>>> print(open('upload_26.cif').read())   # mmCIF, C-alpha atoms and all ligand atoms
data_my_file
#
loop_
_atom_site.label_atom_id
_atom_site.label_comp_id
_atom_site.auth_asym_id
_atom_site.auth_seq_id
_atom_site.Cartn_x
_atom_site.Cartn_y
_atom_site.Cartn_z
CA MET A 915 230.63 97.87 5.27
CA PRO A 916 230.89 99.27 8.80
CA HIS A 917 227.78 99.99 10.82
CA VAL A 918 228.69 102.82 13.17
CA THR A 919 225.58 104.35 14.70
CA HIS A 920 227.06 106.95 17.05
CA LEU A 921 229.69 107.65 19.68
CA GLU A 922 229.08 107.59 23.40
CA CYS A 923 230.77 109.19 26.43
CA SER A 924 232.27 106.34 28.46
CA LEU A 925 231.42 108.12 31.72
CA THR A 926 228.02 109.76 31.19
CA GLY A 927 226.59 107.82 28.22
CA LYS A 928 225.86 111.06 26.35
CA THR A 929 225.75 110.42 22.59
CA TYR A 930 227.70 112.15 19.83
CA GLU A 931 227.23 111.97 16.09
CA ALA A 932 229.48 109.80 13.92
CA GLY A 933 231.12 111.07 10.74
CA VAL A 934 232.88 114.12 12.24
CA PRO A 935 236.17 114.38 14.18
CA HIS A 936 235.94 114.11 17.97
CA GLY A 937 238.30 114.47 20.90
CA LEU A 938 237.20 113.77 24.48
CA SER A 939 233.56 114.06 25.54
CA GLU A 940 232.29 117.21 27.24
CA ALA A 941 232.90 115.40 30.54
CA GLY A 942 236.58 115.14 29.54
CA ARG A 943 236.42 111.36 29.16
CA PRO A 944 236.99 108.92 26.27
CA LEU A 945 234.35 108.45 23.60
CA LEU A 946 233.42 104.92 22.54
CA VAL A 947 232.27 104.00 19.04
CA ARG A 948 228.93 102.18 18.89
CA TYR A 949 227.75 99.91 16.09
CA ASP A 950 224.54 98.31 14.93
CA LEU A 951 225.82 94.86 15.84
CA ASP A 952 222.72 93.06 14.56
CA LYS A 953 223.56 94.35 11.11
CA VAL A 954 227.21 93.38 11.53
CA ALA A 955 226.20 89.88 12.65
CA ALA A 956 223.92 89.54 9.64
CA GLU A 957 226.80 90.40 7.34
CA ILE A 958 229.70 88.37 8.73
CA SER A 959 229.99 84.89 10.13
CA LYS A 960 232.79 82.86 11.69
CA GLU A 961 233.07 80.95 8.42
CA LYS A 962 233.31 84.12 6.37
CA LEU A 963 236.01 85.52 8.66
CA ALA A 964 238.01 82.31 8.40
CA GLY A 965 238.41 82.88 4.67
CA ARG A 966 239.86 86.35 5.00
CA THR A 967 243.56 87.18 4.95
CA GLU A 968 244.20 90.87 5.52
CA GLY A 969 245.30 91.00 9.19
CA PHE A 970 242.96 92.86 11.51
CA TRP A 971 241.16 94.51 8.58
CA ARG A 972 239.38 91.14 8.38
CA TYR A 973 237.09 92.66 11.05
CA ARG A 974 236.30 95.73 8.91
CA GLU A 975 232.54 95.57 9.59
CA MET A 976 233.36 96.15 13.28
CA LEU A 977 235.78 99.00 12.52
CA PRO A 978 234.86 102.61 11.83
CA VAL A 979 236.54 103.33 8.46
CA GLU A 980 233.75 103.91 5.91
CA LEU A 981 235.61 103.94 2.59
CA GLU A 982 238.14 101.28 1.67
CA GLU A 983 240.29 103.91 -0.09
CA ASN A 984 240.86 105.58 3.30
CA ARG A 985 242.27 102.44 4.86
CA VAL A 986 245.94 103.05 5.61
CA SER A 987 247.75 99.73 5.73
CA LEU A 988 251.40 98.74 6.04
CA GLY A 989 250.86 94.98 5.90
CA GLU A 990 249.33 94.11 9.26
CA VAL A 991 249.33 90.45 10.23
CA VAL A 992 247.29 88.40 12.67
CA THR A 993 249.92 88.10 15.39
CA PRO A 994 250.82 84.58 16.47
CA ILE A 995 249.92 83.02 19.80
CA ILE A 996 252.88 80.95 20.93
CA ARG A 997 252.80 78.25 23.59
CA PHE A 998 255.77 77.66 25.92
CA PRO A 999 255.46 74.13 27.34
CA ARG A 1000 258.93 74.11 28.88
CA SER A 1001 258.15 77.14 31.02
CA GLU A 1002 254.79 75.60 31.93
CA THR A 1003 256.61 72.55 33.29
CA LYS A 1004 259.23 74.63 35.06
CA LEU A 1005 256.61 76.81 36.77
CA GLY A 1006 254.35 73.89 37.65
CA SER A 1007 251.51 74.95 35.39
CA THR A 1008 249.13 72.24 34.25
CA GLY A 1009 247.30 74.70 32.03
CA GLN A 1010 248.79 76.69 29.18
CA LEU A 1011 251.25 79.56 28.98
CA LEU A 1012 250.59 81.48 25.78
CA VAL A 1013 252.19 84.67 24.49
CA LYS A 1014 250.49 86.82 21.87
CA ASP A 1015 253.41 88.36 20.05
CA GLU A 1016 252.56 91.86 18.94
CA GLY A 1017 256.14 92.57 17.95
CA ARG A 1018 255.36 91.19 14.47
CA LEU A 1019 253.23 94.19 13.51
CA PRO A 1020 254.46 97.09 11.33
CA THR A 1021 256.76 99.41 13.34
CA GLY A 1022 257.40 96.50 15.71
CA SER A 1023 254.68 97.21 18.25
CA PHE A 1024 250.95 96.92 18.80
CA LYS A 1025 250.69 100.69 18.63
CA ALA A 1026 250.33 100.00 14.90
CA ARG A 1027 246.78 98.73 15.54
CA GLY A 1028 245.55 101.90 17.18
CA LEU A 1029 247.38 104.31 14.92
CA ALA A 1030 246.35 102.51 11.72
CA LEU A 1031 242.75 103.20 12.74
CA ALA A 1032 243.32 106.74 14.04
CA VAL A 1033 245.22 107.73 10.90
CA SER A 1034 242.70 106.08 8.55
CA MET A 1035 239.93 108.05 10.27
CA ALA A 1036 242.01 111.24 10.08
CA LYS A 1037 242.36 110.62 6.36
CA GLU A 1038 238.62 110.11 6.09
CA PHE A 1039 238.04 113.44 7.87
CA GLY A 1040 240.68 115.32 5.84
CA ILE A 1041 242.88 116.07 8.88
CA ARG A 1042 246.28 117.44 7.76
CA HIS A 1043 248.39 117.51 10.93
CA MET A 1044 248.44 115.16 13.94
CA ALA A 1045 250.33 115.51 17.23
CA MET A 1046 250.89 113.31 20.27
CA PRO A 1047 252.95 112.76 23.40
CA THR A 1048 254.67 109.36 23.37
CA ASN A 1049 257.12 107.15 25.21
CA GLY A 1050 258.24 105.95 21.79
CA ASN A 1051 256.23 103.20 20.14
CA ALA A 1052 253.05 105.21 19.56
CA GLY A 1053 255.05 108.04 17.99
CA ALA A 1054 256.81 105.60 15.67
CA ALA A 1055 253.49 104.08 14.57
CA LEU A 1056 251.98 107.53 14.08
CA ALA A 1057 254.93 108.72 12.01
CA ALA A 1058 254.77 105.61 9.84
CA TYR A 1059 251.02 105.51 9.19
CA ALA A 1060 250.58 109.28 8.91
CA GLY A 1061 253.58 109.38 6.59
CA ALA A 1062 251.92 106.76 4.41
CA ALA A 1063 248.76 108.89 4.35
CA GLY A 1064 250.60 112.17 3.61
CA ILE A 1065 249.64 113.65 6.98
CA ARG A 1066 252.12 115.78 8.93
CA THR A 1067 253.04 114.63 12.46
CA THR A 1068 254.59 116.39 15.44
CA VAL A 1069 255.62 114.23 18.37
CA PHE A 1070 256.84 115.04 21.92
CA CYS A 1071 258.84 112.49 23.94
CA PRO A 1072 260.04 112.48 27.55
CA ASP A 1073 263.82 112.87 27.66
CA ASP A 1074 264.36 109.27 28.80
CA THR A 1075 262.61 107.84 25.73
CA PRO A 1076 264.80 105.16 24.11
CA GLN A 1077 266.93 106.82 21.40
CA VAL A 1078 265.93 104.18 18.84
CA ASN A 1079 262.34 105.42 19.11
CA MET A 1080 263.38 109.05 18.56
CA ASP A 1081 265.39 107.94 15.54
CA GLU A 1082 262.67 105.82 13.95
CA ILE A 1083 260.11 108.61 14.37
CA ALA A 1084 262.44 111.15 12.71
CA PHE A 1085 263.54 108.70 10.00
CA GLN A 1086 259.90 108.01 9.11
CA GLY A 1087 259.26 111.70 8.64
CA GLY A 1088 257.84 112.71 12.03
CA GLU A 1089 258.92 115.99 13.62
CA VAL A 1090 260.08 114.83 17.04
CA TYR A 1091 261.08 116.72 20.19
CA LYS A 1092 262.68 115.50 23.41
CA VAL A 1093 261.07 117.26 26.38
CA ASN A 1094 262.48 117.52 29.91
CA GLY A 1095 259.43 115.97 31.55
CA LEU A 1096 257.16 112.91 31.58
CA ILE A 1097 254.51 111.84 29.08
CA ASN A 1098 251.78 113.85 30.81
CA ASP A 1099 253.98 116.99 30.56
CA CYS A 1100 254.33 116.28 26.83
CA GLY A 1101 250.57 115.81 26.66
CA LYS A 1102 250.07 119.32 28.04
CA ILE A 1103 252.13 120.76 25.16
CA VAL A 1104 250.02 118.86 22.62
CA GLY A 1105 246.79 120.02 24.28
CA GLU A 1106 247.84 123.67 24.36
CA GLY A 1107 248.96 123.54 20.73
CA LYS A 1108 245.52 122.41 19.54
CA ASP A 1109 244.23 125.99 19.22
CA LYS A 1110 247.59 127.66 18.59
CA VAL A 1111 248.81 125.32 15.81
CA GLY A 1112 245.62 123.61 14.72
CA TRP A 1113 246.94 120.06 14.92
CA PHE A 1114 244.71 117.13 15.84
CA ASP A 1115 245.44 115.63 19.29
CA VAL A 1116 245.88 111.87 18.92
CA SER A 1117 246.96 111.24 22.55
CA THR A 1118 245.97 107.89 24.10
CA LEU A 1119 242.17 107.75 24.48
CA LYS A 1120 241.75 111.44 23.65
CA GLU A 1121 240.30 110.51 20.28
CA PRO A 1122 237.94 107.55 19.81
CA TYR A 1123 239.66 105.39 17.19
CA ARG A 1124 242.85 104.07 18.74
CA ILE A 1125 240.66 101.95 21.04
CA GLU A 1126 238.93 100.52 17.99
CA GLY A 1127 242.31 99.47 16.62
CA LYS A 1128 243.38 97.90 19.90
CA LYS A 1129 240.01 96.18 20.09
CA THR A 1130 241.19 93.93 17.29
CA MET A 1131 243.52 92.16 19.77
CA GLY A 1132 240.43 90.82 21.52
CA LEU A 1133 238.80 89.84 18.23
CA GLU A 1134 241.93 88.02 17.06
CA LEU A 1135 242.39 86.28 20.38
CA ALA A 1136 238.83 84.95 20.30
CA GLU A 1137 239.05 83.80 16.70
CA GLN A 1138 242.52 82.25 17.08
CA LEU A 1139 241.48 80.27 20.14
CA GLY A 1140 238.43 78.86 18.35
CA TRP A 1141 236.02 81.42 19.88
CA GLU A 1142 236.92 80.21 23.34
CA LEU A 1143 238.50 82.97 25.45
CA PRO A 1144 241.42 82.14 27.75
CA ASP A 1145 241.05 82.01 31.55
CA VAL A 1146 243.42 84.87 32.28
CA ILE A 1147 244.97 87.76 30.33
CA PHE A 1148 248.04 89.60 31.65
CA TYR A 1149 248.22 93.04 30.06
CA PRO A 1150 251.04 95.56 30.60
CA THR A 1151 249.02 98.65 31.37
CA GLY A 1152 250.02 102.18 30.51
CA GLY A 1153 247.08 104.18 29.19
CA GLY A 1154 245.11 100.93 29.15
CA THR A 1155 243.88 101.25 25.56
CA GLY A 1156 244.38 97.57 24.84
CA LEU A 1157 242.72 96.31 27.99
CA ILE A 1158 239.73 98.60 27.47
CA GLY A 1159 239.64 97.74 23.78
CA MET A 1160 239.67 93.99 24.36
CA TRP A 1161 236.94 94.27 26.97
CA LYS A 1162 234.84 96.19 24.42
CA ALA A 1163 235.61 93.55 21.78
CA PHE A 1164 234.34 90.75 24.03
CA ASP A 1165 231.06 92.59 24.70
CA GLU A 1166 230.55 93.21 21.00
CA LEU A 1167 231.29 89.58 20.13
CA GLU A 1168 228.81 88.40 22.75
CA GLU A 1169 226.15 90.76 21.43
CA MET A 1170 226.76 89.32 17.97
CA GLY A 1171 226.38 85.80 19.32
CA PHE A 1172 229.98 84.84 18.51
CA ILE A 1173 230.91 84.07 22.13
CA GLY A 1174 229.06 83.48 25.39
CA SER A 1175 229.14 85.49 28.61
CA ARG A 1176 232.27 83.92 30.06
CA ARG A 1177 235.18 86.37 30.24
CA PRO A 1178 238.87 86.04 30.95
CA ARG A 1179 240.12 87.52 34.22
CA MET A 1180 241.85 90.73 33.15
CA ILE A 1181 245.11 91.43 34.97
CA ALA A 1182 246.53 94.95 34.71
CA VAL A 1183 250.31 94.72 35.09
CA GLN A 1184 252.39 97.75 36.06
CA ALA A 1185 255.92 98.39 37.32
CA GLU A 1186 256.51 99.21 40.99
CA GLY A 1187 258.07 102.50 39.87
CA CYS A 1188 254.84 103.57 38.16
CA ALA A 1189 251.73 101.85 39.47
CA PRO A 1190 248.82 104.31 39.68
CA ILE A 1191 246.23 101.73 38.57
CA VAL A 1192 247.46 99.14 41.07
CA LYS A 1193 247.26 101.69 43.90
CA ALA A 1194 243.71 102.70 42.92
CA TYR A 1195 242.73 99.03 42.59
CA GLU A 1196 244.07 98.19 46.04
CA GLU A 1197 242.41 101.23 47.62
CA GLY A 1198 239.05 100.46 46.01
CA GLU A 1199 239.03 103.72 44.02
CA GLU A 1200 237.43 104.38 40.61
CA HIS A 1201 240.06 106.89 39.56
CA ALA A 1202 243.86 106.95 39.82
CA PRO A 1203 245.66 110.19 40.71
CA VAL A 1204 248.97 111.13 39.07
CA TRP A 1205 251.90 108.90 40.14
CA GLU A 1206 254.81 111.10 41.17
CA ASN A 1207 258.39 110.41 40.01
CA ALA A 1208 257.37 107.63 37.67
CA HIS A 1209 260.26 105.44 36.59
CA THR A 1210 260.76 102.06 34.90
CA ALA A 1211 262.78 100.82 31.95
CA ALA A 1212 259.54 99.44 30.52
CA ALA A 1213 258.81 102.74 28.76
CA GLY A 1214 255.42 101.66 27.39
CA ILE A 1215 254.00 101.39 30.91
CA ARG A 1216 255.67 104.53 32.27
CA VAL A 1217 252.36 106.39 32.26
CA PRO A 1218 251.72 108.36 35.47
CA VAL A 1219 248.08 109.20 34.76
CA ALA A 1220 245.43 107.69 32.46
CA VAL A 1221 242.20 109.38 31.28
CA GLY A 1222 240.65 105.95 30.96
CA ASP A 1223 241.59 104.91 34.52
CA PHE A 1224 237.99 104.10 35.52
CA LEU A 1225 237.48 101.99 32.39
CA ILE A 1226 240.58 99.91 33.17
CA LEU A 1227 239.53 99.48 36.80
CA ARG A 1228 235.95 98.57 35.90
CA ALA A 1229 237.06 95.92 33.41
CA VAL A 1230 239.58 94.46 35.86
CA ARG A 1231 236.97 94.27 38.64
CA ALA A 1232 234.07 93.07 36.48
CA SER A 1233 236.26 90.27 35.17
CA GLY A 1234 237.30 89.08 38.62
CA GLY A 1235 240.87 90.04 37.80
CA PHE A 1236 243.30 92.26 39.68
CA ALA A 1237 246.05 94.82 39.21
CA ILE A 1238 249.60 93.88 40.12
CA ALA A 1239 252.91 95.75 40.35
CA VAL A 1240 256.21 94.01 39.66
CA PRO A 1241 259.62 95.07 40.99
CA GLU A 1242 261.99 96.60 38.43
CA ALA A 1243 264.59 93.90 39.08
CA ASP A 1244 262.02 91.19 38.25
CA ILE A 1245 261.26 92.83 34.91
CA PHE A 1246 264.89 92.64 33.92
CA SER A 1247 265.51 89.12 35.25
CA SER A 1248 262.33 87.82 33.60
CA TRP A 1249 263.36 89.45 30.33
CA ALA A 1250 266.75 87.74 30.47
CA GLU A 1251 265.31 84.41 31.63
CA PHE A 1252 262.79 84.15 28.81
CA ALA A 1253 265.36 85.16 26.20
CA LYS A 1254 267.85 82.57 27.39
CA GLU A 1255 265.56 79.68 28.24
CA GLU A 1256 262.90 80.06 25.55
CA GLY A 1257 264.88 81.76 22.80
CA PHE A 1258 262.23 84.43 22.77
CA LEU A 1259 263.10 88.10 23.08
CA LEU A 1260 260.22 89.78 24.88
CA CYS A 1261 260.03 93.54 25.27
CA PRO A 1262 260.47 94.72 28.89
CA GLU A 1263 256.71 95.39 29.13
CA GLY A 1264 256.07 91.82 27.97
CA ALA A 1265 258.66 90.65 30.50
CA ALA A 1266 256.67 92.49 33.19
CA THR A 1267 253.65 90.31 32.36
CA TYR A 1268 255.80 87.19 32.66
CA ALA A 1269 257.11 88.39 36.03
CA ALA A 1270 253.54 89.12 37.14
CA TYR A 1271 252.38 85.69 36.00
CA LYS A 1272 255.10 83.95 38.02
CA GLN A 1273 254.24 86.07 41.06
CA ALA A 1274 250.50 85.38 40.76
CA LEU A 1275 251.04 81.69 40.16
CA SER A 1276 253.18 81.34 43.27
CA ASP A 1277 250.84 83.32 45.53
CA GLY A 1278 247.80 81.46 44.19
CA ARG A 1279 246.02 84.40 42.63
CA VAL A 1280 246.16 82.52 39.34
CA GLY A 1281 245.46 78.80 39.20
CA LYS A 1282 247.93 76.18 38.02
CA GLY A 1283 245.38 74.80 35.57
CA ASP A 1284 244.63 78.16 33.97
CA ARG A 1285 245.10 78.90 30.32
CA VAL A 1286 246.97 82.18 30.42
CA VAL A 1287 247.77 84.72 27.71
CA LEU A 1288 250.60 87.21 28.19
CA PHE A 1289 250.85 90.18 25.88
CA ASN A 1290 254.21 90.89 24.34
CA CYS A 1291 253.49 94.32 22.94
CA ALA A 1292 256.63 95.10 20.98
CA THR A 1293 259.72 93.51 19.56
CA GLY A 1294 262.47 93.28 22.15
CA LEU A 1295 264.92 94.53 19.55
CA LYS A 1296 263.80 98.11 20.14
CA TYR A 1297 265.21 98.12 23.67
CA PRO A 1298 268.81 98.46 24.77
CA MET A 1299 270.17 95.11 25.92
CA PRO A 1300 273.21 94.55 28.12
CA GLU A 1301 276.31 94.74 25.93
CA GLY A 1302 277.33 91.29 24.74
CA GLY A 1303 280.29 89.72 22.99
CA GLU A 1304 284.01 89.50 23.66
CA PHE A 1305 287.02 90.67 21.64
CA LEU A 1306 288.98 88.04 19.71
CA ASP A 1307 292.41 88.93 18.30
CA ARG A 1308 292.86 87.00 15.05
CA THR A 1309 296.54 87.97 14.78
CA GLN A 1310 297.39 85.90 17.88
CA PRO A 1311 297.27 82.09 18.09
CA ILE A 1312 293.69 81.13 18.89
CA ASN A 1313 293.12 78.87 21.86
CA TYR A 1314 290.35 76.66 20.52
CA GLY A 1315 290.06 74.97 23.87
CA ARG A 1316 288.06 77.93 25.15
CA PHE A 1317 285.22 77.20 22.66
CA ALA A 1318 285.02 73.52 23.54
CA GLY A 1319 283.41 71.77 26.50
C1 LIG B 1401 252.03 101.55 24.77
C2 LIG B 1401 252.64 100.32 25.26
C3 LIG B 1401 252.09 99.63 26.35
C4 LIG B 1401 250.87 100.10 27.08
O1 LIG B 1401 249.73 100.00 26.28
P1 LIG B 1401 248.35 100.67 26.69
O2 LIG B 1401 247.31 99.95 25.90
O3 LIG B 1401 248.44 102.12 26.33
O4 LIG B 1401 248.17 100.49 28.15
C5 LIG B 1401 252.73 98.47 26.75
N1 LIG B 1401 253.83 98.02 26.13
C6 LIG B 1401 254.36 98.64 25.07
C7 LIG B 1401 255.57 98.07 24.42
C8 LIG B 1401 253.79 99.82 24.59
O5 LIG B 1401 254.33 100.43 23.53
#
>>> encode(input="upload_26.cif", output="structure tokens", more="lines below")
Ligand SMILES: *Cc1c(COP(=O)(O)O)cnc(C)c1O
Amino acid sequence: MPHVTHLECSLTGKTYEAGVPHGLSEAGRPLLVRYDLDKVAAEISKEKLAGRTEGFWRYREMLPVELEENRVSLGEVVTPIIRFPRSETKLGSTGQLLVKDEGRLPTGSFKARGLALAVSMAKEFGIRHMAMPTNGNAGAALAAYAGAAGIRTTVFCPDDTPQVNMDEIAFQGGEVYKVNGLINDCGKIVGEGKDKVGWFDVSTLKEPYRIEGKKTMGLELAEQLGWELPDVIFYPTGGGTGLIGMWKAFDELEEMGFIGSRRPRMIAVQAEGCAPIVKAYEEGEEHAPVWENAHTAAAGIRVPVAVGDFLILRAVRASGGFAIAVPEADIFSSWAEFAKEEGFLLCPEGAATYAAYKQALSDGRVGKGDRVVLFNCATGLKYPMPEGGEFLDRTQPINYGRFAG
């Protein structure tokens, strides 16, 4: 059974009661869920966890859903961590290059983690209608999980959202609109509709439970690596939910005595065409102003402004990590390189972490001996690839020579 004690404003520390729906704190910042971790630690052990099978719900004592009947599940799995020794050799790494492949989750992206939790909590609270702005994957996960829970969803996408995302949202029962603007413009529509329509705003970090879902990436990572965290984590950062969530997971695990105080260096990866966190990091700021004219094909990290900016920046700095922007051309070439050489289809956001890793390895910001985890956040199949294949006319004599040699 979960042991939530209260919620807490991430900026001011002001406390809020559990058991009722919440949006942002009065200070307009994300709320964090707090637990009685002594009680959790008394109830679960590493051995007990090892015997469980049900994906990230194995950590249910550290998750906020009170009643099992409110758990909305579509068959979540513990996502694999895959090692790529050939790339290690090629890049001159003497450590390890690991990819945590989040593309194996329901709806093909790690947005399933956050939305499974947000929708389960909405079910627990009796919420009937949820709305969000999305660059695609979050909307698809919302439509799927809310659909499974019988909750109505309305979703607003920027007009350059990949069509496949629009289609999967609609096909899974979400009401979806293409808006001539960016994700923050869509967010404004959702915010204004709160009073006018009465829907619940499930925007990134504007309700407390998506972080709890994303937190499970940190819990899985620790457990999968034998409770020994990696040296470095490269995370493609949009709203930063996953980076903030993992950082929270590590603190909770330490408080429970499951890990020590050593932390991975957290690297926030962005695209040069949309790098507000990198700019704030380099300028020594706590907050990141809106990035104008944001553009990158890696839609998941095309996020011009993040309410949790200071939480991302604090985690990055406290960990001894950094924020890094990669050129658009490198995202594409890294995507193609990894597909061809490793037989592994990253998503462009995952490819951005690979590009960032190569850059950091060559400029010495990451050591050759480091054990590194890259996050591949979605299946690459959701993204348009360069058109492949050639026409073959079977009615003409076939020159088999062209297939040989
Ligand atoms: C949402 C998303 C991201 C960014 O995740 P945050 O935790 O919000 O920063 C990265 N990649 C993909 C594929 C996404 O869908």
>>> residues_around(input="upload_26.cif", residues="A:Thr1118", least_positions_apart="6", cutoff="10 Å", atoms="only C-alpha atoms", output="PyMOL selection string")
chain A and resi 944+1028-1029+1046-1048+1052+1101+1124-1125+1152-1155+1220-1222
>>> atom_distance(input="upload_26.cif", atom1="atom CA of A:Val954", atom2="atom CA of A:Lys928")
23.1 Å
>>> atom_distance(input="upload_26.cif", atom1="atom CA of A:Tyr1149", atom2="atom CA of A:Phe1164")
15.3 Å
>>> residues_near_ligand(input="upload_26.cif", ligand="ligand LIG 1401 (chain B)", cutoff="8 Å", atoms="only C-alpha atoms and all ligand atoms", output="MDAnalysis selection string")
chainID A and resid 1023:1025 1049:1052 1118 1128 1149:1158 1212:1215 1261:1264 1290:1293
>>> residues_around(input="upload_26.cif", residues="A:Gln1138", least_positions_apart="3", cutoff="9 Å", atoms="only C-alpha atoms", output="PyMOL selection string")
chain A and resi 992+994-995+1133-1135+1141-1142
>>> residues_near_point(input="upload_26.cif", point="(251.0, 116.9, 16.9)", cutoff="6 Å", atoms="only C-alpha atoms", output="short mmCIF file (atom, residue, chain, number, x, y, z; two decimals) with C-alpha atoms, in the frame of the given file")
data_model
loop_
_atom_site.label_atom_id
_atom_site.label_comp_id
_atom_site.auth_asym_id
_atom_site.auth_seq_id
_atom_site.Cartn_x
_atom_site.Cartn_y
_atom_site.Cartn_z
CA MET A 1044 248.44 115.16 13.94
CA ALA A 1045 250.33 115.51 17.23
CA MET A 1046 250.89 113.31 20.27
CA THR A 1067 253.04 114.63 12.46
CA THR A 1068 254.59 116.39 15.44
CA VAL A 1069 255.62 114.23 18.37
CA TRP A 1113 246.94 120.06 14.92
#
>>> closest_residue(input="upload_26.cif", among="A:Ala941, A:Ile1097, A:Ile1245, A:Met1131", to="A:Tyr973", atoms="only C-alpha atoms")
A:Met1131
>>> atom_distance(input="upload_26.cif", atom1="atom CA of A:Lys1254", atom2="atom CA of A:Gly1294")
13.1 Å
>>> residues_around(input="upload_26.cif", residues="A:Thr967", least_positions_apart="3", cutoff="12 Å", atoms="only C-alpha atoms", output="ChimeraX atom specification")
/A:962-964,970-974,989-992
>>> residues_near_point(input="upload_26.cif", point="(226.7, 107.9, 17.0)", cutoff="12 Å", atoms="only C-alpha atoms", output="ChimeraX atom specification")
/A:917-923,927-936,945-950,978,1122
>>> write_last_selection(input="upload_26.cif", atoms="C-alpha atoms", output="mmCIF file, keeping the file's coordinate frame")
data_model
loop_
_atom_site.group_PDB
_atom_site.id
_atom_site.type_symbol
_atom_site.label_atom_id
_atom_site.label_comp_id
_atom_site.auth_asym_id
_atom_site.auth_seq_id
_atom_site.Cartn_x
_atom_site.Cartn_y
_atom_site.Cartn_z
ATOM 1 C CA HIS A 917 227.780 99.990 10.820
ATOM 2 C CA VAL A 918 228.690 102.820 13.170
ATOM 3 C CA THR A 919 225.580 104.350 14.700
ATOM 4 C CA HIS A 920 227.060 106.950 17.050
ATOM 5 C CA LEU A 921 229.690 107.650 19.680
ATOM 6 C CA GLU A 922 229.080 107.590 23.400
ATOM 7 C CA CYS A 923 230.770 109.190 26.430
ATOM 8 C CA GLY A 927 226.590 107.820 28.220
ATOM 9 C CA LYS A 928 225.860 111.060 26.350
ATOM 10 C CA THR A 929 225.750 110.420 22.590
ATOM 11 C CA TYR A 930 227.700 112.150 19.830
ATOM 12 C CA GLU A 931 227.230 111.970 16.090
ATOM 13 C CA ALA A 932 229.480 109.800 13.920
ATOM 14 C CA GLY A 933 231.120 111.070 10.740
ATOM 15 C CA VAL A 934 232.880 114.120 12.240
ATOM 16 C CA PRO A 935 236.170 114.380 14.180
ATOM 17 C CA HIS A 936 235.940 114.110 17.970
ATOM 18 C CA LEU A 945 234.350 108.450 23.600
ATOM 19 C CA LEU A 946 233.420 104.920 22.540
ATOM 20 C CA VAL A 947 232.270 104.000 19.040
ATOM 21 C CA ARG A 948 228.930 102.180 18.890
ATOM 22 C CA TYR A 949 227.750 99.910 16.090
ATOM 23 C CA ASP A 950 224.540 98.310 14.930
ATOM 24 C CA PRO A 978 234.860 102.610 11.830
ATOM 25 C CA PRO A 1122 237.940 107.550 19.810
#
>>> residues_around(input="upload_26.cif", residues="stretch 1030-1034 of chain A", least_positions_apart="5", cutoff="9 Å", atoms="only C-alpha atoms", output="list in words")
Leu977, Pro978, Val979, Asn984, Arg985, Val986, Ser987, Leu988, Lys1025, Phe1039, Ile1041, Met1044, Ala1055, Leu1056, Tyr1059, Ala1060, Ala1063, Ile1065, Val1116, Glu1121, Pro1122, Tyr1123, Arg1124, Ile1125, Glu1126, Gly1127 and Lys1128 of chain A
>>> closest_residue(input="upload_26.cif", among="A:Ser1233, A:Ile1191, A:Lys1092, A:Pro1072", to="A:Ser1175", atoms="all atoms listed in the file")
A:Ser1233
>>> closest_residue(input="upload_26.cif", among="A:Cys1071, A:Leu1306, A:Leu981, A:Ala1265", to="A:Leu1288", atoms="all atoms listed in the file")
A:Ala1265
>>> closest_residue(input="upload_26.cif", among="A:Pro1020, A:Gly1315, A:Pro1178, A:Gly1187", to="A:Phe1148", atoms="all atoms listed in the file")
A:Pro1178
